[in-house]
Structures are given as C-alpha cells and as structure tokens.
Amino acid sequence: MKYIHFSLVVLFSFTSVMAQAEGDPVAGKAKSEACVACHSADGNSVMPDWPKLAGQGAKYIENQLKAFKSGDRTNALMSPVAEALSEQDMANVAIYFSSQKVVIGKADPALVEAGESLYRGGNSERGIPACMACHSPTGAGNPAAAFPALQGQHAAYTQTQLKAFRSGERTTDAQSVMRDIAEKMKDSDIEAVASYISGLH
C-alpha cells in the first residue's frame with residue numbers, strides 16, 4: 001500500500017511541475033553570490049562535506065531550499081540563507097545551478113564492485129531496491145519527480161545524507177522511502193554506494 005501511495009506522489013509531482021515559479025538563470029546567478037563560499041560559483045563545491053549543486057534538478061534544489069526555510073530540514077549554514085530567499089529567488093537560484101555542468105569525481109576502485117552491485121541491483125535478500133530505479137542508470141535523477149541527480153556527488157556528503165535518513169534526522173523523503181531503504185543499509189553498504197556514485201556518469 002505504501003508503494004501505491006508513493007506512486008501517487010510521483011504522479012502528482014509530474015502534474016505539479018508547472019505550478020512552481022519559473023526560474024531566471026541570469027537572476028539566479030546574481031542571487032547565488034551567497035552560495036559561492038560553500039558551493040562554488042558553478043555549483044561544484046570543492047569541500048566534500050558540502051554538496052555539488054551543478055546539474056542538479058531545479059525542482060529538487062527549489063524543494064530543498066523551501067524545506068530549509070520552513071524548518072522541515074535544518075542546517076546551521078543553510079537555514080539562515082534559505083530564510084532570506086523569496087520563492088522567486090529560490091526558483092532563480094535553482095534553475096541557475098541546474099544549468100551548470102557537474103564535475104564527476106572518482107570512485108575508490110576497491111569499492112566499485114560492491115557499490116555498483118547495490119546501485120544497479122540492490123539487495124533483494126535485505127529488501128534494498130536498486131538506486132537506479134529512482135535516480136536513473138547514469139545517476140541523472142528524475143527531475144520531473146524531483147528525485148535528485150546523484151552522479152558525481154561527493155562520497156562524504158552522500159554518506160552523511162544516507163546516515164541522516166537512516167537515523168531519522170532527515171525526513172524530507174516522500175512516503176519515508178529513503179528512510180526505509182537506509183534503515184536496511186550497513187555502514188559498508190553506504191560507503192560503497194556513495195563512492196560508486198561519486199564516479200558515476
């Protein structure tokens with residue numbers, strides 16, 4: 001039943017894309033000055049604990065900014081930044097970063113096999129679905145459904161987010177899908193798939 005509800009959420013997300021404010025990348029670039037210190041001018045952050053925003057789906061970025069502003073998601077650095085943005089600002093910043101090209105990282109060769117196995121096939125014995133089912137085989141995500149792009153993301157950041165879902169600290173996933181998946185993942189699973197994602201393209 002949960003997956004029927006989740007499917008309805010996905011369907012609704014497709015039909016509600018046009019309801020969001022239309023972004024202006026030029027205005028977004030100007031407004032992104034506050035983002036540069038952590039995420040870099042082109043959205044390819046150099047610090048592994050801060051996410052790359054380049055190439056990320058605009059709707060996903062916008063939704064996360066709204067979550068930081070509302071308090072549904074909290075971070076000492078991001079929350080104050082988001083509070084200062086209007087909905088139009090968020091749409092502008094989101095479309096700007098989504099138009100940038102992500103710089104792909106490198107996976108740890110020792111973790112590639114385990115990471116690829118989980119990303120592409122999941123683990124049926126433990127009820128872990130393949131990551132690519134929602135995030136695409138190339139890690140490009142599903143922009144219309146606001147499923148994030150993962151390709152090239154810093155392994156450290158991905159690990160932190162998966163552990164936050166697993167602990168229940170992060171709750172911004174529709175129908176608790178990511179929390180349910182992360183609960184079934186061991187630290188070694190998280191490390192392997194995060195490393196694989198870093199080099200995925």
# chains A, B, ... in the order shown; residues from 1 in each chain; ligands from 1
>>> residues_around(residues="Ser70 in chain A", least_positions_apart="2", cutoff="12 Å", atoms="only C-alpha atoms", output="list in words")
Asn63, Gln64, Leu65, Lys66, Ala67, Phe68, Asp72, Arg73, Thr74, Asn75, Met78, Ser79, Pro80, Val81, Ala82, Glu83, Ala84, Leu85, Ser86, Glu87 and Thr172 of chain A
>>> residues_around(residues="Ser99 in chain A", least_positions_apart="6", cutoff="8 Å", atoms="only C-alpha atoms", output="PyMOL selection string")
chain A and resi 25+54-55
>>> atom_distance(atom1="CA of Gly141 in chain A", atom2="CA of Tyr60 in chain A")
9.8 Å
>>> residues_around(residues="Ala37 in chain A", least_positions_apart="5", cutoff="10 Å", atoms="only C-alpha atoms", output="list of chain:residue names")
A:Ser32, A:Ser45, A:Val46
>>> residues_around(residues="Glu22 in chain A", least_positions_apart="6", cutoff="12 Å", atoms="only C-alpha atoms", output="PDB file with C-alpha atoms, in the first residue's frame")
ATOM      1  CA  GLY A  28      19.770  33.171 -10.205  1.00  0.00           C
ATOM      2  CA  ALA A  58      15.908  22.603 -10.443  1.00  0.00           C
ATOM      3  CA  LYS A  59      12.758  21.336  -8.758  1.00  0.00           C
ATOM      4  CA  GLU A  62      13.942  24.506  -5.005  1.00  0.00           C
ATOM      5  CA  GLU A  87      10.083  31.814  -3.651  1.00  0.00           C
ATOM      6  CA  GLN A  88      11.149  33.560  -6.860  1.00  0.00           C
ATOM      7  CA  ASP A  89      14.739  33.781  -5.589  1.00  0.00           C
ATOM      8  CA  MET A  90      14.677  30.042  -4.925  1.00  0.00           C
ATOM      9  CA  ALA A  91      13.383  29.299  -8.418  1.00  0.00           C
ATOM     10  CA  ASN A  92      16.054  31.538  -9.926  1.00  0.00           C
ATOM     11  CA  VAL A  93      18.934  30.031  -7.949  1.00  0.00           C
ATOM     12  CA  ALA A  94      17.669  26.522  -8.644  1.00  0.00           C
ATOM     13  CA  ILE A  95      17.480  26.984 -12.416  1.00  0.00           C
ATOM     14  CA  TYR A  96      20.927  28.604 -12.453  1.00  0.00           C
TER      15      TYR A  96
END
>>> residues_around(residues="Met132 in chain A", least_positions_apart="3", cutoff="7 Å", atoms="only C-alpha atoms", output="PyMOL selection string")
chain A and resi 119-120+135-137+139
>>> closest_residue(among="A:Gln161, A:Leu53, A:Gly71, A:Lys101", to="Val36 in chain A", atoms="only C-alpha atoms")
A:Leu53
>>> select_by_dssp(residues="range 47-121 of chain A", states="helix (DSSP H, G or I)", output="PyMOL selection string")
chain A and resi 58-70+78-83+87-98+112-121
>>> closest_residue(among="A:Ser40, A:Lys186, A:Glu33, A:Ser167", to="Leu118 in chain A", atoms="only C-alpha atoms")
A:Lys186
>>> atom_distance(atom1="CA of Gly121 in chain A", atom2="CA of Trp50 in chain A")
27.7 Å
>>> closest_residue(among="A:Asp42, A:Asp24, A:Glu125, A:Glu169", to="Met185 in chain A", atoms="only C-alpha atoms")
A:Glu125
>>> closest_residue(among="A:Ala144, A:Asp180, A:Gly122, A:Ser117", to="Gln56 in chain A", atoms="only C-alpha atoms")
A:Ala144
>>> atom_distance(atom1="CA of Phe165 in chain A", atom2="CA of Ala192 in chain A")
16.6 Å
>>> select_by_dssp(residues="chain A", states="strand (DSSP E or B)", output="PyMOL selection string")
chain A and resi 123+128+142+147
>>> residues_around(residues="Ile104 in chain A", least_positions_apart="3", cutoff="9 Å", atoms="only C-alpha atoms", output="tab-separated table (two decimals) with C-alpha atoms, in the first residue's frame")
chain	number	residue	atom	x	y	z
A	151	GLN	CA	26.18	11.45	-10.39
A	152	GLY	CA	29.49	12.92	-9.30
A	153	GLN	CA	28.26	13.85	-5.82
A	154	HIS	CA	30.90	13.88	-3.09
A	198	SER	CA	31.00	9.87	-6.89
A	199	GLY	CA	32.40	8.44	-10.11
A	200	LEU	CA	29.08	7.71	-11.80
A	201	HIS	CA	28.26	9.38	-15.11
>>> residues_around(residues="Met178 in chain A", least_positions_apart="4", cutoff="12 Å", atoms="only C-alpha atoms", output="number ranges by chain")
A: 6, 128-131, 134-135, 147-148, 161-174, 182-185
>>> write_last_selection(atoms="N, CA and C atoms", output="compact mmCIF listing (two decimals), in the first residue's frame")
# COMPACT_ATOMS: atom_id res chain seq x y z
N PHE A 6 3.17 6.04 -2.76
CA PHE A 6 4.38 6.66 -3.30
C PHE A 6 4.21 6.92 -4.80
N ILE A 128 16.56 -4.15 -0.18
CA ILE A 128 17.12 -2.88 -0.64
C ILE A 128 16.93 -2.79 -2.16
N PRO A 129 16.13 -1.85 -2.65
CA PRO A 129 15.94 -1.73 -4.11
C PRO A 129 17.14 -1.09 -4.78
N ALA A 130 17.24 -1.26 -6.07
CA ALA A 130 18.31 -0.63 -6.85
C ALA A 130 18.15 0.88 -6.83
N CYS A 131 19.23 1.58 -6.56
CA CYS A 131 19.20 3.05 -6.54
C CYS A 131 18.78 3.62 -7.89
N CYS A 134 15.10 4.94 -9.14
CA CYS A 134 14.62 6.32 -8.98
C CYS A 134 15.61 7.37 -9.49
N HIS A 135 16.90 7.03 -9.41
CA HIS A 135 17.93 8.03 -9.72
C HIS A 135 18.56 7.86 -11.09
N PHE A 147 13.38 13.66 -7.99
CA PHE A 147 14.34 12.72 -7.43
C PHE A 147 15.73 13.24 -7.82
N PRO A 148 16.61 13.43 -6.85
CA PRO A 148 17.86 14.13 -7.13
C PRO A 148 18.82 13.38 -8.04
N GLN A 161 24.17 12.02 4.20
CA GLN A 161 22.73 12.08 3.97
C GLN A 161 22.05 10.72 4.16
N LEU A 162 22.70 9.65 3.68
CA LEU A 162 22.13 8.32 3.88
C LEU A 162 22.04 7.97 5.37
N LYS A 163 23.05 8.36 6.12
CA LYS A 163 23.03 8.09 7.56
C LYS A 163 21.98 8.96 8.26
N ALA A 164 21.77 10.17 7.74
CA ALA A 164 20.73 11.04 8.31
C ALA A 164 19.35 10.47 8.04
N PHE A 165 19.14 9.90 6.86
CA PHE A 165 17.88 9.22 6.57
C PHE A 165 17.72 7.99 7.49
N ARG A 166 18.81 7.25 7.66
CA ARG A 166 18.75 6.03 8.46
C ARG A 166 18.42 6.32 9.92
N SER A 167 18.96 7.41 10.44
CA SER A 167 18.71 7.75 11.85
C SER A 167 17.38 8.47 12.06
N GLY A 168 16.77 8.93 10.95
CA GLY A 168 15.53 9.69 11.06
C GLY A 168 15.77 11.18 11.25
N GLU A 169 17.04 11.59 11.21
CA GLU A 169 17.36 13.02 11.34
C GLU A 169 16.84 13.80 10.14
N ARG A 170 16.91 13.19 8.97
CA ARG A 170 16.40 13.82 7.76
C ARG A 170 15.09 13.14 7.37
N THR A 171 14.05 13.94 7.16
CA THR A 171 12.71 13.39 6.91
C THR A 171 12.03 14.00 5.68
N THR A 172 12.83 14.51 4.76
CA THR A 172 12.25 15.19 3.60
C THR A 172 12.01 14.26 2.42
N ASP A 173 11.94 12.96 2.68
CA ASP A 173 11.68 11.98 1.62
C ASP A 173 10.20 11.62 1.57
N ALA A 174 9.62 11.64 0.39
CA ALA A 174 8.19 11.32 0.22
C ALA A 174 7.91 9.90 0.69
N ALA A 182 17.40 3.27 3.76
CA ALA A 182 18.63 3.48 4.53
C ALA A 182 18.68 2.66 5.81
N GLU A 183 17.52 2.40 6.41
CA GLU A 183 17.46 1.59 7.62
C GLU A 183 18.01 0.18 7.39
N LYS A 184 17.94 -0.28 6.15
CA LYS A 184 18.38 -1.63 5.81
C LYS A 184 19.84 -1.67 5.37
N MET A 185 20.47 -0.52 5.31
CA MET A 185 21.84 -0.45 4.82
C MET A 185 22.85 -0.43 5.95
